[in-house]
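Reviewing the structure listed below.
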Amino acid sequence: MSNTPRPYKTITFLSDYGLADEFVGVVKSVIRSIAPDVAVIDLTHEIEPHDVRAGGLALARSAQYLAPGVVLAVIDPGVATPRRAIAVEVGEGQSVLVGPDNGLLAPAVAMVGGADRAVELTNDDYQLPAPGPTFAGRDVFAPAAAHLANGVELSELGNLVDPGTLTPGLMPISREENGALIGDVLWVDRFGNAQLNIDPEQIEGWDDRIRLRFGETSRTARRADSYAALRAGEVGLVVDSYGLLSVSVDRGSAAAELGLRAGDPVTLDPMADEETRSVPVRLQQR
């Protein structure tokens, strides 16, 4: 692990601010005023308000593809409370994640091998004067990210804290029960594909047709290599770009058709042989 200060060329920015208000633009302007040469990549600002779990999952999905640098993540329902503002160094200084200590950063930190060092952002010299305490993205997190991009040493931003004391992320884990797999919808993308927390290896050896149960509903799904391989009206299980099973329909929204939302439990049952076996029918004249 290296404690040598380094400038970073990129800040990747995720939030639940949306684009209707000025929040994203203000945060990016603060960054530019401090670190005018850094590139800011907008990962997404359309996380549902206050949805720390969804933001953490988005960071975890993206982590291995993000450019080295600073990751600024702000989904902060506990703003203006005693929750800590933190910066977490990972990858022997390759990147630093900045945000609230509410579990938002934890999944991405775990994806890249864990924290090297962490600090609580307590040094007012690297913050803006705050007219009120409820816009930490502007007053605390954006300045910290920008100063890190300029090469300020992590420990200058505040007191070192034990990474083991940081708030963990709460990620649901699938489980096997009576021969079935019980999982959760992790994420519904804008196309309506419902990503499950189930690895395709967990259903290795199952028949291609699998029963899905959710709420009071039961549907038969077929494993397919692509969305286009599904027939009209057919529900599919497709391995998505992150290597997990997703409930899908071709050129439509599986989530809308089936009423699935992030966080919903979904049970996968292997179909019995007699349920999947085709029965020949012979037509004859009477």
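Going by the structure tokens order, chains are called A, B, ..., each with residues numbered from 1, while ligands are numbered from 1 in the order shown.
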
Just list the residues in stretch 31-128 of chain A DSSP gives helix (DSSP H, G or I) on the backbone, as a ChimeraX atom specification.
/A:31-34,52-65,91-93,106-111,124-126

Residues near stretch 24-41 of chain A, anyone? I mean within 8 Å using only C-alpha atoms, not counting same-chain ones fewer than 6 positions away, as a list in words.
Tyr8, Lys9, Thr10, Ile11, Thr12, Phe13, Tyr17, Gly18, Gly137, Arg138, Ala142, Pro143, Ala145, Ala146, His147, Ala149 and Asn150 of chain A

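Nearest to A:Asp189 of all the residues A:Leu268, A:Val247, A:Ile75, A:Met111 is A:Val247, based on only C-alpha atoms.
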
Identify, with DSSP run on backbone atoms, the residues in stretch 38-261 of chain A assigned to strand (DSSP E), and express the list as a PyMOL selection string.
chain A and resi 39-44+69-74+85-90+95-100+115-121+158-161+175-177+180-188+194-196+209-214+217-224+235-239+245-248

Tell me which of A:Ala108, A:Leu121, A:Val185, A:Leu19 sits closest to A:Phe141, counting only C-alpha atoms.
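Checking each candidate against A:Phe141, we get A:Leu121 as the closest.
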
Just to confirm, what's the straight-line distance from atom CA of A:Leu59 to atom CA of A:Asn197 in Å (one decimal)?
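Between these atoms lies a distance of 15.4 Å.
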
In Å, rounded to a single decimal, give me how far atom CA of A:Pro107 is from atom CA of A:Gly69.
17.3 Å

State, in Å with one decimal place, the distance from atom CA of A:Arg211 to atom CA of A:Gly259.
16.1 Å

Nearby residues (only C-alpha atoms) at most 8 Å from A:Asp162, same-chain spacing under 3 positions excluded, as a ChimeraX atom specification:
/A:117-118,165-166

For A:Leu212, find every residue with an atom within 9 Å (counting only C-alpha atoms), except residues of its own chain fewer than 2 positions away, and show them as a ChimeraX atom specification.
/A:210,214,217-221,266-269

Any chance you can output those residues with all heavy atoms as an mmCIF file, in the first residue's frame?
data_model
loop_
_atom_site.group_PDB
_atom_site.id
_atom_site.type_symbol
_atom_site.label_atom_id
_atom_site.label_comp_id
_atom_site.auth_asym_id
_atom_site.auth_seq_id
_atom_site.Cartn_x
_atom_site.Cartn_y
_atom_site.Cartn_z
ATOM 1 N N ILE A 210 -38.289 -23.644 -16.467
ATOM 2 C CA ILE A 210 -38.221 -23.455 -15.018
ATOM 3 C C ILE A 210 -39.453 -22.687 -14.576
ATOM 4 O O ILE A 210 -39.851 -21.707 -15.232
ATOM 5 C CB ILE A 210 -36.927 -22.696 -14.636
ATOM 6 C CG1 ILE A 210 -35.703 -23.550 -14.980
ATOM 7 C CG2 ILE A 210 -36.927 -22.305 -13.169
ATOM 8 C CD1 ILE A 210 -34.394 -22.810 -14.890
ATOM 9 N N PHE A 214 -43.780 -15.874 -7.737
ATOM 10 C CA PHE A 214 -43.611 -14.581 -7.080
ATOM 11 C C PHE A 214 -44.992 -14.082 -6.688
ATOM 12 O O PHE A 214 -45.912 -14.069 -7.489
ATOM 13 C CB PHE A 214 -42.900 -13.565 -7.989
ATOM 14 C CG PHE A 214 -43.343 -13.614 -9.425
ATOM 15 C CD1 PHE A 214 -44.341 -12.778 -9.882
ATOM 16 C CD2 PHE A 214 -42.779 -14.516 -10.310
ATOM 17 C CE1 PHE A 214 -44.765 -12.820 -11.199
ATOM 18 C CE2 PHE A 214 -43.200 -14.575 -11.637
ATOM 19 C CZ PHE A 214 -44.197 -13.714 -12.078
ATOM 20 N N THR A 217 -48.401 -15.440 -8.054
ATOM 21 C CA THR A 217 -48.295 -15.743 -9.484
ATOM 22 C C THR A 217 -47.277 -16.840 -9.738
ATOM 23 O O THR A 217 -46.243 -16.923 -9.058
ATOM 24 C CB THR A 217 -47.897 -14.480 -10.269
ATOM 25 O OG1 THR A 217 -48.849 -13.451 -10.011
ATOM 26 C CG2 THR A 217 -47.834 -14.752 -11.757
ATOM 27 N N SER A 218 -47.554 -17.682 -10.725
ATOM 28 C CA SER A 218 -46.621 -18.693 -11.181
ATOM 29 C C SER A 218 -46.558 -18.634 -12.703
ATOM 30 O O SER A 218 -47.595 -18.595 -13.362
ATOM 31 C CB SER A 218 -47.070 -20.084 -10.725
ATOM 32 O OG SER A 218 -46.218 -21.084 -11.251
ATOM 33 N N ARG A 219 -45.328 -18.569 -13.250
ATOM 34 C CA ARG A 219 -45.149 -18.559 -14.698
ATOM 35 C C ARG A 219 -44.018 -19.513 -15.065
ATOM 36 O O ARG A 219 -43.066 -19.689 -14.305
ATOM 37 C CB ARG A 219 -44.797 -17.154 -15.194
ATOM 38 C CG ARG A 219 -45.927 -16.161 -15.120
ATOM 39 C CD ARG A 219 -46.981 -16.395 -16.204
ATOM 40 N NE ARG A 219 -46.468 -16.185 -17.541
ATOM 41 C CZ ARG A 219 -46.506 -15.019 -18.199
ATOM 42 N NH1 ARG A 219 -47.030 -13.950 -17.618
ATOM 43 N NH2 ARG A 219 -46.041 -14.920 -19.426
ATOM 44 N N THR A 220 -44.130 -20.085 -16.235
ATOM 45 C CA THR A 220 -43.050 -20.909 -16.754
ATOM 46 C C THR A 220 -42.103 -20.037 -17.571
ATOM 47 O O THR A 220 -42.544 -19.273 -18.438
ATOM 48 C CB THR A 220 -43.592 -22.044 -17.638
ATOM 49 O OG1 THR A 220 -44.428 -22.880 -16.844
ATOM 50 C CG2 THR A 220 -42.453 -22.885 -18.207
ATOM 51 N N ALA A 221 -40.809 -20.145 -17.293
ATOM 52 C CA ALA A 221 -39.791 -19.400 -18.034
ATOM 53 C C ALA A 221 -38.880 -20.392 -18.746
ATOM 54 O O ALA A 221 -38.718 -21.539 -18.314
ATOM 55 C CB ALA A 221 -38.982 -18.519 -17.100
ATOM 56 N N VAL A 266 -38.319 -13.987 -5.599
ATOM 57 C CA VAL A 266 -38.697 -14.848 -6.726
ATOM 58 C C VAL A 266 -38.159 -16.248 -6.438
ATOM 59 O O VAL A 266 -36.986 -16.402 -6.095
ATOM 60 C CB VAL A 266 -38.131 -14.333 -8.064
ATOM 61 C CG1 VAL A 266 -38.488 -15.282 -9.196
ATOM 62 C CG2 VAL A 266 -38.637 -12.934 -8.368
ATOM 63 N N THR A 267 -39.019 -17.244 -6.568
ATOM 64 C CA THR A 267 -38.618 -18.636 -6.359
ATOM 65 C C THR A 267 -38.520 -19.343 -7.700
ATOM 66 O O THR A 267 -39.421 -19.234 -8.543
ATOM 67 C CB THR A 267 -39.629 -19.364 -5.464
ATOM 68 O OG1 THR A 267 -39.673 -18.727 -4.182
ATOM 69 C CG2 THR A 267 -39.244 -20.823 -5.270
ATOM 70 N N LEU A 268 -37.421 -20.066 -7.910
ATOM 71 C CA LEU A 268 -37.218 -20.864 -9.117
ATOM 72 C C LEU A 268 -37.373 -22.333 -8.745
ATOM 73 O O LEU A 268 -36.687 -22.821 -7.833
ATOM 74 C CB LEU A 268 -35.827 -20.623 -9.708
ATOM 75 C CG LEU A 268 -35.626 -19.399 -10.604
ATOM 76 C CD1 LEU A 268 -35.836 -18.108 -9.823
ATOM 77 C CD2 LEU A 268 -34.240 -19.418 -11.222
ATOM 78 N N ASP A 269 -38.281 -23.019 -9.440
ATOM 79 C CA ASP A 269 -38.515 -24.447 -9.221
ATOM 80 C C ASP A 269 -38.125 -25.216 -10.465
ATOM 81 O O ASP A 269 -38.544 -24.856 -11.578
ATOM 82 C CB ASP A 269 -39.996 -24.724 -8.964
ATOM 83 C CG ASP A 269 -40.440 -24.294 -7.580
ATOM 84 O OD1 ASP A 269 -39.767 -24.673 -6.609
ATOM 85 O OD2 ASP A 269 -41.453 -23.580 -7.483
#

So which residues touch A:Ala54 within 8 Å, counting only C-alpha atoms, skipping near sequence neighbours fewer than 4 positions away, as a PDB file with N, CA and C atoms, in the first residue's frame?
ATOM      1  N   ILE A  47     -30.924   7.093  -9.577  1.00  0.00           N
ATOM      2  CA  ILE A  47     -31.276   6.190  -8.488  1.00  0.00           C
ATOM      3  C   ILE A  47     -32.488   6.764  -7.763  1.00  0.00           C
ATOM      4  N   GLU A  48     -33.421   5.910  -7.385  1.00  0.00           N
ATOM      5  CA  GLU A  48     -34.595   6.400  -6.665  1.00  0.00           C
ATOM      6  C   GLU A  48     -34.165   7.130  -5.393  1.00  0.00           C
ATOM      7  N   ALA A  58     -25.605  -0.490  -7.926  1.00  0.00           N
ATOM      8  CA  ALA A  58     -25.113   0.141  -9.155  1.00  0.00           C
ATOM      9  C   ALA A  58     -23.604   0.313  -9.107  1.00  0.00           C
ATOM     10  N   LEU A 186     -32.757  -7.928  -7.849  1.00  0.00           N
ATOM     11  CA  LEU A 186     -31.775  -6.925  -7.450  1.00  0.00           C
ATOM     12  C   LEU A 186     -32.042  -5.574  -8.103  1.00  0.00           C
ATOM     13  N   TRP A 187     -32.504  -5.627  -9.367  1.00  0.00           N
ATOM     14  CA  TRP A 187     -32.504  -4.411 -10.183  1.00  0.00           C
ATOM     15  C   TRP A 187     -33.408  -4.626 -11.377  1.00  0.00           C
TER      16      TRP A 187
END

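Residues with any atom within 12 Å of A:Leu244, counting only C-alpha atoms and excluding same-chain neighbours fewer than 4 positions away, are Arg61, Ser174, Gly183, Asp184, Val185, Leu186, Trp187, Asn193, Ala194, Gln195, Leu196, Asn197, Ile198, Asp199, Pro200, Glu201, Gln202, Ile203, Leu237, Val238, Val239 and Asp240 of chain A.
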
I'd like the contact shell of A:Val74 - 9 Å cut-off, only C-alpha atoms, skipping same-chain residues fewer than 2 positions apart - returned as a ChimeraX atom specification.
/A:13-17,55,72,76,98-100,104,136-137,141

What does the file look like for those residues with N, CA and C atoms, as an mmCIF file, in the first residue's frame?
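Final output, saved to result38.cif:
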data_model
loop_
_atom_site.group_PDB
_atom_site.id
_atom_site.type_symbol
_atom_site.label_atom_id
_atom_site.label_comp_id
_atom_site.auth_asym_id
_atom_site.auth_seq_id
_atom_site.Cartn_x
_atom_site.Cartn_y
_atom_site.Cartn_z
ATOM 1 N N PHE A 13 -19.181 10.033 -10.799
ATOM 2 C CA PHE A 13 -20.179 10.639 -9.919
ATOM 3 C C PHE A 13 -21.509 9.890 -10.044
ATOM 4 N N LEU A 14 -22.013 9.401 -8.917
ATOM 5 C CA LEU A 14 -23.321 8.745 -8.823
ATOM 6 C C LEU A 14 -24.122 9.423 -7.725
ATOM 7 N N SER A 15 -25.434 9.590 -7.960
ATOM 8 C CA SER A 15 -26.289 10.195 -6.935
ATOM 9 C C SER A 15 -27.742 9.842 -7.173
ATOM 10 N N ASP A 16 -28.579 10.260 -6.248
ATOM 11 C CA ASP A 16 -30.029 10.173 -6.420
ATOM 12 C C ASP A 16 -30.629 11.553 -6.666
ATOM 13 N N TYR A 17 -29.814 12.490 -7.134
ATOM 14 C CA TYR A 17 -30.254 13.879 -7.296
ATOM 15 C C TYR A 17 -31.230 14.076 -8.458
ATOM 16 N N GLY A 55 -28.280 2.184 -5.011
ATOM 17 C CA GLY A 55 -27.031 2.870 -5.340
ATOM 18 C C GLY A 55 -25.827 1.991 -5.112
ATOM 19 N N LEU A 72 -17.285 9.441 -6.509
ATOM 20 C CA LEU A 72 -18.108 10.287 -5.651
ATOM 21 C C LEU A 72 -19.528 9.745 -5.698
ATOM 22 N N ASP A 76 -27.939 9.948 0.443
ATOM 23 C CA ASP A 76 -27.622 10.331 1.823
ATOM 24 C C ASP A 76 -28.869 10.697 2.620
ATOM 25 N N VAL A 98 -15.687 8.243 -2.159
ATOM 26 C CA VAL A 98 -16.092 9.320 -1.259
ATOM 27 C C VAL A 98 -17.616 9.311 -1.147
ATOM 28 N N GLY A 99 -18.123 9.360 0.074
ATOM 29 C CA GLY A 99 -19.570 9.394 0.254
ATOM 30 C C GLY A 99 -19.953 9.212 1.702
ATOM 31 N N PRO A 100 -21.234 9.048 1.975
ATOM 32 C CA PRO A 100 -21.690 8.843 3.348
ATOM 33 C C PRO A 100 -21.417 7.416 3.817
ATOM 34 N N LEU A 104 -23.548 2.592 1.378
ATOM 35 C CA LEU A 104 -23.555 2.872 -0.051
ATOM 36 C C LEU A 104 -22.266 2.421 -0.738
ATOM 37 N N ALA A 136 -24.631 18.072 1.742
ATOM 38 C CA ALA A 136 -23.254 17.619 1.932
ATOM 39 C C ALA A 136 -22.591 17.279 0.605
ATOM 40 N N GLY A 137 -23.371 16.923 -0.408
ATOM 41 C CA GLY A 137 -22.788 16.672 -1.719
ATOM 42 C C GLY A 137 -22.019 17.872 -2.230
ATOM 43 N N PHE A 141 -18.652 16.464 0.232
ATOM 44 C CA PHE A 141 -18.170 15.382 -0.623
ATOM 45 C C PHE A 141 -17.519 15.886 -1.904
#
